[in-house]
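Undergrad: Just one file: run_16.cif, with mmCIF, C-alpha atoms.
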data_target
#
loop_
_atom_site.label_atom_id
_atom_site.label_comp_id
_atom_site.auth_asym_id
_atom_site.auth_seq_id
_atom_site.Cartn_x
_atom_site.Cartn_y
_atom_site.Cartn_z
CA MET A 1 67.05 -33.23 35.30
CA GLN A 2 67.55 -29.47 35.37
CA VAL A 3 65.75 -27.67 38.17
CA PHE A 4 65.39 -24.18 39.53
CA LEU A 5 63.39 -23.09 42.57
CA ALA A 6 61.71 -19.71 42.43
CA MET A 7 60.94 -17.52 45.48
CA ARG A 8 59.28 -14.09 45.51
CA PHE A 9 61.40 -11.06 46.38
CA VAL A 10 61.05 -7.28 45.93
CA PHE A 11 63.80 -5.49 44.00
CA TYR A 12 65.11 -1.98 43.41
CA LEU A 13 67.88 -0.51 41.28
CA MET A 14 71.15 0.22 43.12
CA LEU A 15 74.52 0.93 41.55
CA GLY A 16 73.29 -0.34 38.20
CA MET A 17 72.50 -3.78 39.62
CA LEU A 18 69.30 -5.37 40.93
CA LEU A 19 69.51 -5.67 44.69
CA PRO A 20 66.77 -6.74 47.15
CA VAL A 21 64.79 -4.32 49.28
CA TYR A 22 65.24 -5.05 52.99
CA VAL A 23 63.63 -3.97 56.23
CA PHE A 24 66.60 -3.89 58.59
CA ALA A 25 66.34 -4.94 62.19
CA GLN A 26 68.43 -6.99 64.52
CA ASP A 27 66.49 -9.04 66.99
CA GLY A 28 64.74 -12.26 67.72
CA THR A 29 61.26 -10.76 67.97
CA ILE A 30 58.69 -9.69 65.37
CA THR A 31 55.28 -8.40 66.50
CA GLY A 32 52.46 -6.71 64.67
CA LYS A 33 48.83 -6.58 63.66
CA VAL A 34 47.09 -7.87 60.52
CA THR A 35 44.00 -6.12 59.17
CA SER A 36 41.85 -6.14 56.03
CA ALA A 37 42.59 -3.07 53.93
CA ASP A 38 39.25 -3.44 52.16
CA LEU A 39 36.98 -4.11 55.16
CA GLN A 40 38.94 -2.11 57.75
CA MET A 41 38.80 -4.89 60.34
CA PRO A 42 41.34 -7.18 62.07
CA LEU A 43 41.89 -10.62 60.60
CA ALA A 44 41.93 -13.47 63.13
CA LYS A 45 43.59 -16.82 62.44
CA ALA A 46 45.76 -15.44 59.63
CA SER A 47 48.95 -17.47 59.15
CA VAL A 48 52.12 -15.50 59.91
CA PHE A 49 55.44 -17.22 59.31
CA LEU A 50 59.02 -16.86 58.15
CA SER A 51 59.25 -18.66 54.84
CA ASN A 52 61.53 -21.69 54.62
CA ALA A 53 62.10 -21.66 58.39
CA THR A 54 60.60 -23.15 61.57
CA TYR A 55 59.01 -19.95 62.88
CA GLY A 56 55.26 -19.47 62.50
CA THR A 57 52.07 -18.50 64.34
CA SER A 58 48.45 -17.35 63.82
CA THR A 59 46.90 -13.97 64.60
CA GLU A 60 44.70 -13.45 67.66
CA SER A 61 41.09 -12.23 67.51
CA ASP A 62 42.33 -8.61 67.33
CA GLY A 63 44.73 -9.45 64.47
CA SER A 64 47.86 -9.26 66.64
CA PHE A 65 50.75 -11.73 66.42
CA ALA A 66 54.20 -12.33 67.88
CA LEU A 67 57.17 -14.36 66.65
CA ARG A 68 59.82 -14.73 69.36
CA GLY A 69 63.13 -16.47 69.88
CA LEU A 70 64.20 -15.95 66.27
CA LYS A 71 67.70 -16.77 65.12
CA PRO A 72 69.41 -13.64 63.68
CA GLY A 73 69.52 -13.58 59.89
CA GLN A 74 67.51 -12.70 56.82
CA TYR A 75 64.02 -14.11 56.28
CA GLU A 76 60.95 -13.53 54.18
CA LEU A 77 57.91 -12.78 56.34
CA VAL A 78 54.69 -14.16 54.83
CA VAL A 79 51.12 -13.51 55.93
CA SER A 80 48.38 -15.66 54.40
CA TYR A 81 44.59 -15.55 54.76
CA VAL A 82 41.98 -17.32 52.64
CA GLY A 83 40.48 -14.97 50.05
CA TYR A 84 43.29 -12.42 50.36
CA ASP A 85 46.54 -11.84 48.48
CA SER A 86 49.53 -13.02 50.49
CA TYR A 87 51.80 -10.43 52.09
CA HIS A 88 55.60 -10.69 51.68
CA LYS A 89 58.38 -8.65 53.27
CA THR A 90 62.10 -9.43 53.48
CA ILE A 91 63.41 -8.81 57.01
CA LEU A 92 66.84 -8.92 58.59
CA VAL A 93 66.44 -10.09 62.19
CA GLY A 94 68.88 -8.85 64.84
CA PRO A 95 68.83 -7.46 68.45
CA ALA A 96 66.12 -4.77 68.11
CA PRO A 97 62.45 -5.81 68.09
CA ILE A 98 60.44 -5.32 64.90
CA ASN A 99 56.83 -4.15 64.92
CA LEU A 100 54.73 -4.18 61.75
CA THR A 101 51.28 -3.00 60.72
CA ILE A 102 50.15 -5.26 57.89
CA GLU A 103 47.17 -4.76 55.60
CA LEU A 104 45.94 -7.56 53.35
CA HIS A 105 43.93 -6.96 50.19
CA LEU A 106 41.10 -9.10 48.87
CA LYS A 107 42.12 -11.20 45.89
CA SER A 108 41.66 -9.45 42.58
CA ILE A 109 38.87 -10.71 40.33
CA GLY A 110 40.70 -9.48 37.24
CA LEU A 111 42.69 -12.68 36.82
CA THR A 112 42.79 -14.80 33.73
CA GLU A 113 40.32 -17.65 33.40
CA VAL A 114 43.13 -20.17 33.81
CA SER A 115 44.19 -18.55 37.09
CA VAL A 116 40.80 -18.60 38.75
CA SER A 117 39.29 -21.82 37.44
CA ALA A 118 39.76 -24.99 39.43
CA HIS A 119 40.47 -28.18 37.52
CA LYS A 120 38.97 -31.55 38.32
CA PHE A 121 41.32 -33.65 40.44
CA SER A 122 43.18 -36.08 38.19
CA LYS A 123 45.12 -39.00 39.64
CA GLU A 124 47.29 -39.07 36.52
CA ASN A 125 48.24 -35.39 36.92
CA TYR A 126 48.84 -35.87 40.64
CA VAL A 127 51.21 -38.81 40.07
CA MET A 128 53.17 -36.66 37.61
CA PHE A 129 53.21 -33.80 40.10
CA LEU A 130 54.57 -36.05 42.88
CA LYS A 131 57.40 -37.22 40.61
CA TYR A 132 58.69 -33.70 40.01
CA PHE A 133 57.68 -32.01 43.27
CA LEU A 134 58.88 -34.67 45.72
CA GLY A 135 61.12 -36.67 43.40
CA THR A 136 61.91 -40.36 43.54
CA SER A 137 64.70 -40.48 46.14
CA ALA A 138 64.78 -42.65 49.24
CA ASN A 139 63.66 -39.59 51.22
CA ALA A 140 60.73 -39.04 48.85
CA LYS A 141 59.44 -42.53 49.61
CA GLN A 142 59.09 -41.45 53.25
CA CYS A 143 57.14 -38.28 52.38
CA LYS A 144 53.37 -38.02 52.12
CA ILE A 145 51.05 -35.19 51.12
CA LEU A 146 48.12 -35.37 53.52
CA ASN A 147 45.69 -33.16 51.57
CA PRO A 148 46.39 -33.65 47.84
CA LYS A 149 43.08 -32.21 46.66
CA VAL A 150 44.03 -28.65 47.66
CA ILE A 151 46.48 -28.70 44.71
CA ASP A 152 45.00 -27.39 41.48
CA LEU A 153 46.77 -29.06 38.53
CA ASN A 154 46.36 -28.56 34.80
CA TYR A 155 48.22 -30.55 32.14
CA ARG A 156 48.52 -29.07 28.64
CA ARG A 157 49.13 -32.23 26.68
CA ASN A 158 50.10 -30.60 23.39
CA ASP A 159 52.79 -28.52 25.11
CA LYS A 160 53.76 -31.26 27.60
CA ILE A 161 53.41 -28.74 30.44
CA LEU A 162 52.00 -29.48 33.89
CA GLU A 163 51.11 -26.40 35.95
CA GLY A 164 49.75 -26.11 39.45
CA HIS A 165 49.18 -24.00 42.54
CA SER A 166 47.35 -24.14 45.87
CA ASP A 167 45.14 -21.54 47.55
CA ASP A 168 45.60 -23.29 50.89
CA PHE A 169 48.59 -24.91 52.57
CA ILE A 170 49.75 -28.29 51.30
CA ILE A 171 50.52 -30.43 54.35
CA ILE A 172 53.59 -32.61 53.80
CA GLU A 173 54.82 -35.15 56.31
CA ASN A 174 58.53 -35.83 55.82
CA ARG A 175 59.39 -38.86 57.93
CA ALA A 176 62.87 -39.03 56.39
CA LEU A 177 64.04 -35.80 58.07
CA GLY A 178 61.39 -35.48 60.78
CA TYR A 179 59.54 -32.42 59.50
CA ARG A 180 55.93 -31.50 58.89
CA LEU A 181 55.71 -28.84 56.20
CA LYS A 182 52.93 -26.38 55.50
CA TYR A 183 53.63 -25.34 51.91
CA LEU A 184 51.80 -22.52 50.13
CA LEU A 185 52.40 -23.44 46.50
CA GLU A 186 52.32 -20.30 44.39
CA GLU A 187 53.76 -21.77 41.23
CA PHE A 188 54.56 -25.22 39.91
CA LYS A 189 55.55 -25.89 36.32
CA PHE A 190 57.01 -28.97 34.68
CA ASP A 191 58.11 -28.50 31.07
CA GLY A 192 58.26 -31.97 29.54
CA VAL A 193 59.98 -30.69 26.40
CA GLU A 194 62.92 -28.95 28.04
CA ASN A 195 62.78 -31.25 31.09
CA LEU A 196 62.69 -28.29 33.48
CA VAL A 197 60.92 -27.92 36.81
CA SER A 198 60.05 -24.55 38.36
CA ILE A 199 58.69 -24.38 41.91
CA GLY A 200 57.74 -21.22 43.76
CA GLY A 201 56.22 -21.22 47.19
CA GLN A 202 56.44 -20.54 50.88
CA PRO A 203 57.20 -23.44 53.26
CA LEU A 204 56.88 -23.47 57.04
CA TYR A 205 58.72 -26.29 58.85
CA GLU A 206 57.57 -27.95 62.06
CA ASP A 207 59.39 -30.72 63.94
CA LEU A 208 57.58 -34.05 64.01
CA PRO A 209 57.21 -35.71 67.42
CA GLY A 210 59.13 -38.93 67.93
CA SER A 211 60.84 -41.23 70.40
CA LYS A 212 64.34 -40.47 71.67
CA SER A 213 65.87 -42.94 69.22
CA GLN A 214 63.77 -41.59 66.33
CA LEU A 215 64.78 -38.00 67.10
CA ALA A 216 68.45 -39.08 67.12
CA LYS A 217 68.02 -40.73 63.70
CA TRP A 218 66.39 -37.60 62.29
CA LYS A 219 69.17 -35.43 63.67
CA ALA A 220 71.81 -37.61 61.99
CA LYS A 221 69.86 -37.68 58.72
CA ARG A 222 69.49 -33.90 58.70
CA GLU A 223 73.24 -33.46 59.18
CA ASP A 224 73.98 -35.92 56.38
CA THR A 225 71.56 -34.04 54.12
CA TYR A 226 73.14 -30.68 54.98
CA TYR A 227 76.75 -31.62 54.24
CA GLY A 228 77.44 -31.17 50.54
CA SER A 229 74.18 -29.27 49.92
CA ALA A 230 73.91 -25.90 48.17
CA MET A 231 73.19 -24.29 51.56
CA HIS A 232 76.41 -25.77 52.97
CA PHE A 233 78.38 -24.56 49.93
CA TYR A 234 77.19 -20.93 50.01
CA ARG A 235 77.71 -20.69 53.77
CA SER A 236 81.23 -22.05 53.28
CA LEU A 237 81.85 -19.40 50.61
CA ILE A 238 81.09 -16.66 53.14
CA LYS A 239 83.31 -18.23 55.79
CA ASN A 240 86.16 -18.81 53.31
CA ASP A 241 86.56 -22.43 54.38
CA LEU A 242 85.61 -24.33 51.21
CA ASP A 243 88.66 -26.56 51.33
CA ALA A 244 88.17 -27.43 55.00
CA GLN A 245 84.52 -28.27 54.28
CA GLY A 246 85.41 -30.50 51.30
CA PHE A 247 84.41 -28.28 48.35
CA VAL A 248 86.39 -27.42 45.21
CA MET A 249 85.22 -24.95 42.53
CA TYR A 250 86.15 -25.07 38.84
CA ARG A 251 85.14 -23.29 35.64
CA LEU A 252 83.19 -25.31 33.09
CA ILE A 253 83.26 -24.00 29.50
CA ARG A 254 80.14 -24.96 27.54
CA ARG A 255 79.13 -24.66 23.91
CA PRO A 256 76.00 -26.12 22.31
CA ASN A 257 76.61 -29.44 20.60
CA PRO A 258 76.34 -28.64 16.86
CA ASP A 259 75.40 -32.25 16.05
CA ARG A 260 72.35 -32.26 18.33
CA PRO A 261 69.09 -30.71 17.07
CA PRO A 262 67.16 -28.38 19.39
CA GLN A 263 65.35 -30.16 22.21
CA ALA A 264 61.89 -29.12 20.99
CA VAL A 265 62.59 -30.56 17.53
CA ILE A 266 63.77 -33.86 18.97
CA VAL A 267 60.72 -34.25 21.23
CA ASN A 268 58.37 -33.38 18.36
CA ARG A 269 59.98 -35.98 16.09
CA LEU A 270 59.87 -38.63 18.82
CA ASP A 271 56.14 -38.06 19.30
CA HIS A 272 55.51 -38.11 15.54
CA PHE A 273 57.37 -41.34 14.79
CA GLU A 274 55.93 -43.07 17.83
CA ALA A 275 52.42 -42.12 16.70
CA ILE A 276 52.93 -43.57 13.18
CA ARG A 277 54.92 -46.52 14.57
CA ASN A 278 58.01 -45.82 12.49
CA TYR A 279 60.39 -47.53 14.90
CA ASP A 280 63.54 -47.17 12.78
CA SER A 281 63.18 -43.38 12.78
CA LEU A 282 62.13 -43.48 16.42
CA ARG A 283 65.39 -45.22 17.38
CA ARG A 284 67.41 -42.67 15.40
CA TRP A 285 65.77 -39.71 17.16
CA GLN A 286 66.10 -41.45 20.50
CA GLN A 287 69.85 -41.63 19.88
CA LEU A 288 69.85 -37.89 19.14
CA TYR A 289 67.90 -37.29 22.35
CA ASN A 290 70.56 -39.14 24.34
CA MET A 291 73.41 -37.12 22.85
CA LYS A 292 75.18 -34.59 25.04
CA ARG A 293 73.61 -31.15 24.81
CA PHE A 294 76.97 -29.40 25.12
CA ASP A 295 80.60 -29.67 24.15
CA GLU A 296 82.26 -29.14 27.53
CA ASN A 297 85.73 -28.40 28.86
CA LEU A 298 86.61 -28.31 32.55
CA ILE A 299 89.36 -25.88 33.58
CA GLU A 300 90.96 -27.98 36.30
CA HIS A 301 92.41 -25.11 38.32
CA PRO A 302 90.40 -24.26 41.44
CA ILE A 303 88.74 -20.84 41.32
CA PRO A 304 90.16 -18.41 43.91
CA LEU A 305 87.54 -17.13 46.30
CA ASN A 306 88.06 -13.45 45.40
CA GLU A 307 87.19 -14.17 41.76
CA ILE A 308 83.70 -15.43 42.53
CA LEU A 309 82.52 -14.00 45.89
CA HIS A 310 81.60 -10.32 46.26
CA THR A 311 80.07 -8.27 49.04
CA THR A 312 77.22 -5.82 48.43
CA ASP A 313 75.98 -2.59 49.99
CA SER A 314 73.23 -4.56 51.76
CA ALA A 315 74.25 -6.08 55.09
CA GLY A 316 74.22 -9.88 55.05
CA ILE A 317 73.85 -10.08 51.26
CA TYR A 318 76.56 -11.48 48.98
CA ALA A 319 76.98 -11.97 45.26
CA VAL A 320 78.44 -14.92 43.39
CA ALA A 321 79.61 -13.99 39.89
CA LEU A 322 81.17 -16.03 37.09
CA SER A 323 81.05 -15.70 33.30
CA THR A 324 81.26 -19.47 32.81
CA ASN A 325 79.40 -22.33 34.45
CA LEU A 326 80.38 -23.10 38.03
CA TYR A 327 81.46 -26.71 38.58
CA VAL A 328 81.34 -27.69 42.27
CA VAL A 329 82.87 -30.92 43.58
CA TYR A 330 82.11 -32.15 47.10
CA LYS A 331 84.91 -34.58 47.92
CA ARG A 332 83.38 -36.12 51.05
CA LYS A 333 80.45 -37.86 49.36
CA HIS A 334 80.23 -40.29 46.47
CA ASP A 335 77.60 -39.89 43.77
CA THR A 336 75.67 -43.14 43.35
CA VAL A 337 73.40 -41.78 40.58
CA ILE A 338 74.51 -42.33 36.98
CA ASP A 339 73.76 -39.15 35.02
CA THR A 340 74.91 -39.44 31.41
CA GLN A 341 74.23 -35.73 30.76
CA LEU A 342 76.46 -34.59 33.65
CA TYR A 343 80.00 -33.85 32.49
CA ARG A 344 82.69 -35.69 34.42
CA PRO A 345 86.33 -36.00 33.19
CA LEU A 346 87.46 -39.59 32.69
CA ASP A 347 90.17 -39.26 35.34
CA MET A 348 87.81 -37.84 37.98
CA ASP A 349 86.57 -40.03 40.82
CA ASP A 350 82.88 -40.40 41.72
CA SER A 351 82.78 -37.46 44.13
CA MET A 352 79.48 -35.57 44.24
CA VAL A 353 79.24 -32.97 41.46
CA SER A 354 76.89 -30.04 40.85
CA ILE A 355 76.88 -27.59 37.93
CA VAL A 356 75.52 -24.07 38.42
CA THR A 357 74.41 -21.81 35.57
CA LEU A 358 74.18 -18.11 36.49
CA TYR A 359 71.75 -16.76 33.92
CA LYS A 360 72.80 -13.13 34.48
CA GLY A 361 76.43 -13.95 35.19
CA TYR A 362 75.77 -13.32 38.89
CA ALA A 363 73.28 -14.12 41.64
CA PHE A 364 72.67 -12.83 45.16
CA PHE A 365 72.51 -15.00 48.28
CA ASP A 366 72.15 -14.35 52.00
CA ARG A 367 74.09 -15.32 55.11
CA ASN A 368 71.87 -18.40 55.52
CA GLY A 369 73.21 -19.76 52.23
CA ILE A 370 70.01 -19.20 50.25
CA ILE A 371 69.90 -17.85 46.68
CA LEU A 372 67.52 -14.87 46.70
CA SER A 373 65.95 -15.44 43.30
CA GLY A 374 65.79 -18.99 42.03
CA HIS A 375 65.08 -17.72 38.50
CA ASP A 376 68.70 -16.46 38.37
CA VAL A 377 70.21 -19.91 38.90
CA LEU A 378 69.96 -23.35 37.31
CA ASN A 379 71.35 -26.35 39.19
CA GLU A 380 72.31 -29.64 37.58
CA GLY A 381 73.72 -32.80 39.08
CA ALA A 382 73.49 -33.50 42.81
CA TRP A 383 71.85 -30.20 43.81
CA ALA A 384 69.18 -30.56 41.11
CA ARG A 385 68.12 -33.84 42.70
CA ASP A 386 67.51 -32.10 46.04
CA LYS A 387 63.76 -31.57 45.99
CA MET A 388 61.32 -30.96 48.83
CA PRO A 389 62.27 -34.13 50.82
CA GLU A 390 65.94 -33.04 50.91
CA LEU A 391 65.48 -29.37 51.81
CA LEU A 392 66.21 -27.98 55.29
CA PRO A 393 64.87 -24.82 56.96
CA VAL A 394 67.07 -21.76 56.49
CA ASN A 395 67.66 -21.48 60.25
CA TYR A 396 69.07 -25.04 60.38
CA GLU A 397 72.55 -25.48 61.85
CA PRO A 398 74.44 -28.80 62.09
CA GLY A 399 74.10 -30.05 65.64
CA ASP A 400 70.62 -28.56 66.14
#
As structure tokens, please, write out the structure in this file.
TA:
Amino acid sequence: MQVFLAMRFVFYLMLGMLLPVYVFAQDGTITGKVTSADLQMPLAKASVFLSNATYGTSTESDGSFALRGLKPGQYELVVSYVGYDSYHKTILVGPAPINLTIELHLKSIGLTEVSVSAHKFSKENYVMFLKYFLGTSANAKQCKILNPKVIDLNYRRNDKILEGHSDDFIIIENRALGYRLKYLLEEFKFDGVENLVSIGGQPLYEDLPGSKSQLAKWKAKREDTYYGSAMHFYRSLIKNDLDAQGFVMYRLIRRPNPDRPPQAVIVNRLDHFEAIRNYDSLRRWQQLYNMKRFDENLIEHPIPLNEILHTTDSAGIYAVALSTNLYVVYKRKHDTVIDTQLYRPLDMDDSMVSIVTLYKGYAFFDRNGIILSGHDVLNEGAWARDKMPELLPVNYEPGD
């Protein structure tokens, strides 16, 4: 399964490259006031939180809010209120307090019919959504969505595309890692032809209560989840301690397999021959479906750090750049999942492997180890299997 996660960021042109716009500060405090730009009045009970972290609150009756005790680093501040467009601002937290005046705008009525129309809740669509949103891992079996009907899902059968979003927070209880998530789902798309999942949204993490022994189990499980993850890898890149942390980077050269028809053609033929019950042809096209998509060659010389990691003019922002695919091996974990599409040399052991495609040849990430725009990166292998039940807040540190 190939997966990319999409988050919303604001961009501007700098030095011929797209770099994020940042509001710079350096403290553990963010205060401010939220008002309606259209009605010129404060908005009480608006949700204010740092996306993908454990920091969140609600506005008071006068629209004021305060987030305190924040770990220094880069975050995306999100403000959400029913009936209004969400507010997003990327902020670098450090020692000086930040104060913001935030105006929300009523949702536009000039949206397409598909965007504004709610679809009848379908158990079939919801089961499909769970498979690709939460996954099928051991962690996923310990996750539960408490309010599934806030998710608006639409399946386009002819295109094999499932799309969805939520106007309110999805409440997810993750009893594998001990988190309760409030997730504002802005975009969900599963493409059944290309076998791609795209997820865009804003999660807020909260610790679940538990006994002393349960909290200890969750702490150990979080650490196990962290080590070998994409977050762990990108943080190790910055610290220049990949080898000490158990990572090795290689170049993977890929070319399309000339003997394999395009994916859309294969899927179309499979549907056709299944419909007319031509099982001989169905078996033939199933064999083509199972063929490798690429002819691949692994350059088994580790990539030096200075050939892939670059600093930028924005504090706390780094770039990873490579003209080929990035092949990452984590030597301290074994991969128990058999993935026939994942390239692995015959003489390689079963260490955990992830393949990264940089669509532009580069991607930006922050000091927390988070890729800034998920649309720039495609993960395959171990990291592609990390869905919502395996994700940690950006302010997580081993030992917390």
Undergrad: Write out as an mmCIF file with C-alpha atoms, keeping the file's coordinate frame which residues come within 6 Å of segment 182-196 of chain A when counting only C-alpha atoms, dropping same-chain ones fewer than 3 positions away.
TA:
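Heads up, here's the output in result26.cif:
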data_model
loop_
_atom_site.group_PDB
_atom_site.id
_atom_site.type_symbol
_atom_site.label_atom_id
_atom_site.label_comp_id
_atom_site.auth_asym_id
_atom_site.auth_seq_id
_atom_site.Cartn_x
_atom_site.Cartn_y
_atom_site.Cartn_z
ATOM 1 C CA GLN A 2 67.550 -29.470 35.370
ATOM 2 C CA VAL A 3 65.750 -27.670 38.170
ATOM 3 C CA LYS A 160 53.760 -31.260 27.600
ATOM 4 C CA ILE A 161 53.410 -28.740 30.440
ATOM 5 C CA LEU A 162 52.000 -29.480 33.890
ATOM 6 C CA GLU A 163 51.110 -26.400 35.950
ATOM 7 C CA GLY A 164 49.750 -26.110 39.450
ATOM 8 C CA HIS A 165 49.180 -24.000 42.540
ATOM 9 C CA SER A 166 47.350 -24.140 45.870
ATOM 10 C CA PHE A 169 48.590 -24.910 52.570
ATOM 11 C CA ILE A 170 49.750 -28.290 51.300
ATOM 12 C CA ILE A 171 50.520 -30.430 54.350
ATOM 13 C CA ILE A 199 58.690 -24.380 41.910
ATOM 14 C CA GLY A 200 57.740 -21.220 43.760
ATOM 15 C CA GLY A 201 56.220 -21.220 47.190
ATOM 16 C CA GLN A 202 56.440 -20.540 50.880
ATOM 17 C CA PRO A 203 57.200 -23.440 53.260
ATOM 18 C CA LEU A 204 56.880 -23.470 57.040
ATOM 19 C CA ALA A 264 61.890 -29.120 20.990
#
Undergrad: Any chance you could tabulate, as a Markdown table, the residues of segment 273-317 of chain A at most 12 Å from segment 330-347 of chain A with each one's nearest atom pair and distance in Å to one decimal, using all atoms listed in the file, in chain and rising number order?
TA:
| residue | atom | partner | partner_atom | distance |
| --- | --- | --- | --- | --- |
| A:Tyr289 | CA | A:Gln341 | CA | 10.6 |
| A:Asn290 | CA | A:Gln341 | CA | 8.1 |
| A:Met291 | CA | A:Gln341 | CA | 8.1 |
| A:Lys292 | CA | A:Gln341 | CA | 5.9 |
| A:Arg293 | CA | A:Gln341 | CA | 7.5 |
| A:Phe294 | CA | A:Gln341 | CA | 8.9 |
| A:Asp295 | CA | A:Tyr343 | CA | 9.3 |
| A:Glu296 | CA | A:Tyr343 | CA | 7.2 |
| A:Asn297 | CA | A:Tyr343 | CA | 8.7 |
| A:Leu298 | CA | A:Pro345 | CA | 7.7 |
| A:Ile299 | CA | A:Pro345 | CA | 10.6 |
| A:Glu300 | CA | A:Pro345 | CA | 9.8 |
Undergrad: With distances taken over only C-alpha atoms, which residue among A:Glu206, A:Asp271, A:Glu76, A:Asp224 lies nearest Leu50 of chain A?
TA: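 Looking only at the distances to Leu50 of chain A, the closest residue turns out to be A:Glu76.
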Undergrad: Please identify every residue of segment 222-331 of chain A that has at least one atom no farther than 9 Å from an atom of segment 356-363 of chain A, counting only C-alpha atoms, and for each give the shortest atom pair and the distance in Å to one decimal, arranged by chain then increasing number, as CSV.
TA:
residue,atom,partner,partner_atom,distance
A:Ile308,CA,A:Tyr362,CA,9.0
A:Tyr318,CA,A:Ala363,CA,8.5
A:Ala319,CA,A:Ala363,CA,5.6
A:Val320,CA,A:Tyr362,CA,5.5
A:Ala321,CA,A:Tyr362,CA,4.0
A:Leu322,CA,A:Gly361,CA,5.5
A:Ser323,CA,A:Gly361,CA,5.3
A:Thr324,CA,A:Gly361,CA,7.7
A:Asn325,CA,A:Thr357,CA,5.1
A:Leu326,CA,A:Val356,CA,5.0
A:Tyr327,CA,A:Val356,CA,6.5
A:Val328,CA,A:Val356,CA,7.9
Undergrad: Show which residues sit within 10 Å of Lys45 of chain A, as a list in words. Count all atoms listed in the file, and ignore same-chain residues fewer than 3 positions away.
TA: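 Residues near the query, excluding close chain neighbours: Val34, Pro42, Val48, Thr57, Ser58, Thr59, Glu60, Ser61, Asp62, Gly63, Ser64, Phe65, Ser80, Tyr81 and Val82 of chain A.
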Undergrad: Select, from A:Val267, A:Ala244, A:Val197, A:Leu309, the residue with the minimum atom-to-atom distance to Leu378 of chain A, counting all atoms listed in the file.
TA: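 That would be A:Val197, the residue with the smallest distance to Leu378 of chain A.
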Undergrad: Ranking A:Gly381, A:Ala216, A:Phe49, A:Pro95 by minimum distance to Tyr75 of chain A and counting all atoms listed in the file, which one comes first?
TA: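 Looking at the shortest contact to Tyr75 of chain A, the residue is A:Phe49.
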Undergrad: May I ask for the distance between atom CA of Ala140 of chain A and atom CA of Arg235 of chain A, given in Å to one decimal place?
TA: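 Rounded to one decimal, the two atoms are 25.5 Å apart.
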Undergrad: What's the 12 Å shell around Pro398 of chain A, counting only C-alpha atoms, without same-chain residues fewer than 4 positions away, as a list in words?
TA: Trp218, Lys219, Ala220, Lys221, Arg222, Glu223, Asp224, Thr225, Tyr226, Tyr227, Met231, His232, Leu392, Pro393 and Val394 of chain A
Undergrad: Take the residues from that selection and put them in a file with C-alpha atoms, as a short mmCIF file (atom, residue, chain, number, x, y, z; two decimals), keeping the file's coordinate frame.
TA:
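Generated output (result23.cif):
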data_model
loop_
_atom_site.label_atom_id
_atom_site.label_comp_id
_atom_site.auth_asym_id
_atom_site.auth_seq_id
_atom_site.Cartn_x
_atom_site.Cartn_y
_atom_site.Cartn_z
CA TRP A 218 66.39 -37.60 62.29
CA LYS A 219 69.17 -35.43 63.67
CA ALA A 220 71.81 -37.61 61.99
CA LYS A 221 69.86 -37.68 58.72
CA ARG A 222 69.49 -33.90 58.70
CA GLU A 223 73.24 -33.46 59.18
CA ASP A 224 73.98 -35.92 56.38
CA THR A 225 71.56 -34.04 54.12
CA TYR A 226 73.14 -30.68 54.98
CA TYR A 227 76.75 -31.62 54.24
CA MET A 231 73.19 -24.29 51.56
CA HIS A 232 76.41 -25.77 52.97
CA LEU A 392 66.21 -27.98 55.29
CA PRO A 393 64.87 -24.82 56.96
CA VAL A 394 67.07 -21.76 56.49
#
Undergrad: Restrict the calculation to all atoms listed in the file, then for each residue of segment 138-194 of chain A with any atom at most 12 Å from an atom of segment 384-388 of chain A give the closest atom pair and their distance in Å to one decimal, rows by chain and rising residue number, as a tab-separated table.
TA:
residue	atom	partner	partner_atom	distance
A:Ala138	CA	A:Asp386	CA	11.4
A:Asn139	CA	A:Met388	CA	9.3
A:Ala140	CA	A:Met388	CA	8.1
A:Lys141	CA	A:Met388	CA	11.7
A:Gln142	CA	A:Met388	CA	11.6
A:Cys143	CA	A:Met388	CA	9.1
A:Lys144	CA	A:Met388	CA	11.1
A:Ile145	CA	A:Met388	CA	11.3
A:Ile172	CA	A:Met388	CA	9.3
A:Glu173	CA	A:Met388	CA	10.8
A:Asn174	CA	A:Met388	CA	9.0
A:Ala176	CA	A:Met388	CA	11.2
A:Leu177	CA	A:Met388	CA	10.8
A:Tyr179	CA	A:Met388	CA	10.9
A:Arg180	CA	A:Met388	CA	11.4
A:Leu181	CA	A:Met388	CA	9.5
A:Lys182	CA	A:Met388	CA	11.7
A:Tyr183	CA	A:Met388	CA	10.0
A:Leu185	CA	A:Met388	CA	11.9
Undergrad: Next, dump the selected residues to file, keeping only C-alpha atoms, as a CSV table (one decimal), in the coordinates of the input.
TA:
chain,number,residue,atom,x,y,z
A,138,ALA,CA,64.8,-42.6,49.2
A,139,ASN,CA,63.7,-39.6,51.2
A,140,ALA,CA,60.7,-39.0,48.8
A,141,LYS,CA,59.4,-42.5,49.6
A,142,GLN,CA,59.1,-41.4,53.2
A,143,CYS,CA,57.1,-38.3,52.4
A,144,LYS,CA,53.4,-38.0,52.1
A,145,ILE,CA,51.0,-35.2,51.1
A,172,ILE,CA,53.6,-32.6,53.8
A,173,GLU,CA,54.8,-35.2,56.3
A,174,ASN,CA,58.5,-35.8,55.8
A,176,ALA,CA,62.9,-39.0,56.4
A,177,LEU,CA,64.0,-35.8,58.1
A,179,TYR,CA,59.5,-32.4,59.5
A,180,ARG,CA,55.9,-31.5,58.9
A,181,LEU,CA,55.7,-28.8,56.2
A,182,LYS,CA,52.9,-26.4,55.5
A,183,TYR,CA,53.6,-25.3,51.9
A,185,LEU,CA,52.4,-23.4,46.5
Undergrad: How would you write, as a list in words, the residues chosen by the PyMOL selection byres ((chain A and resi 106) around 9) on this structure?
TA: Ser36, Ala37, Asp38, Gly83, Tyr84, Asp85, Leu104, His105, Lys107, Ser108 and Ile109 of chain A
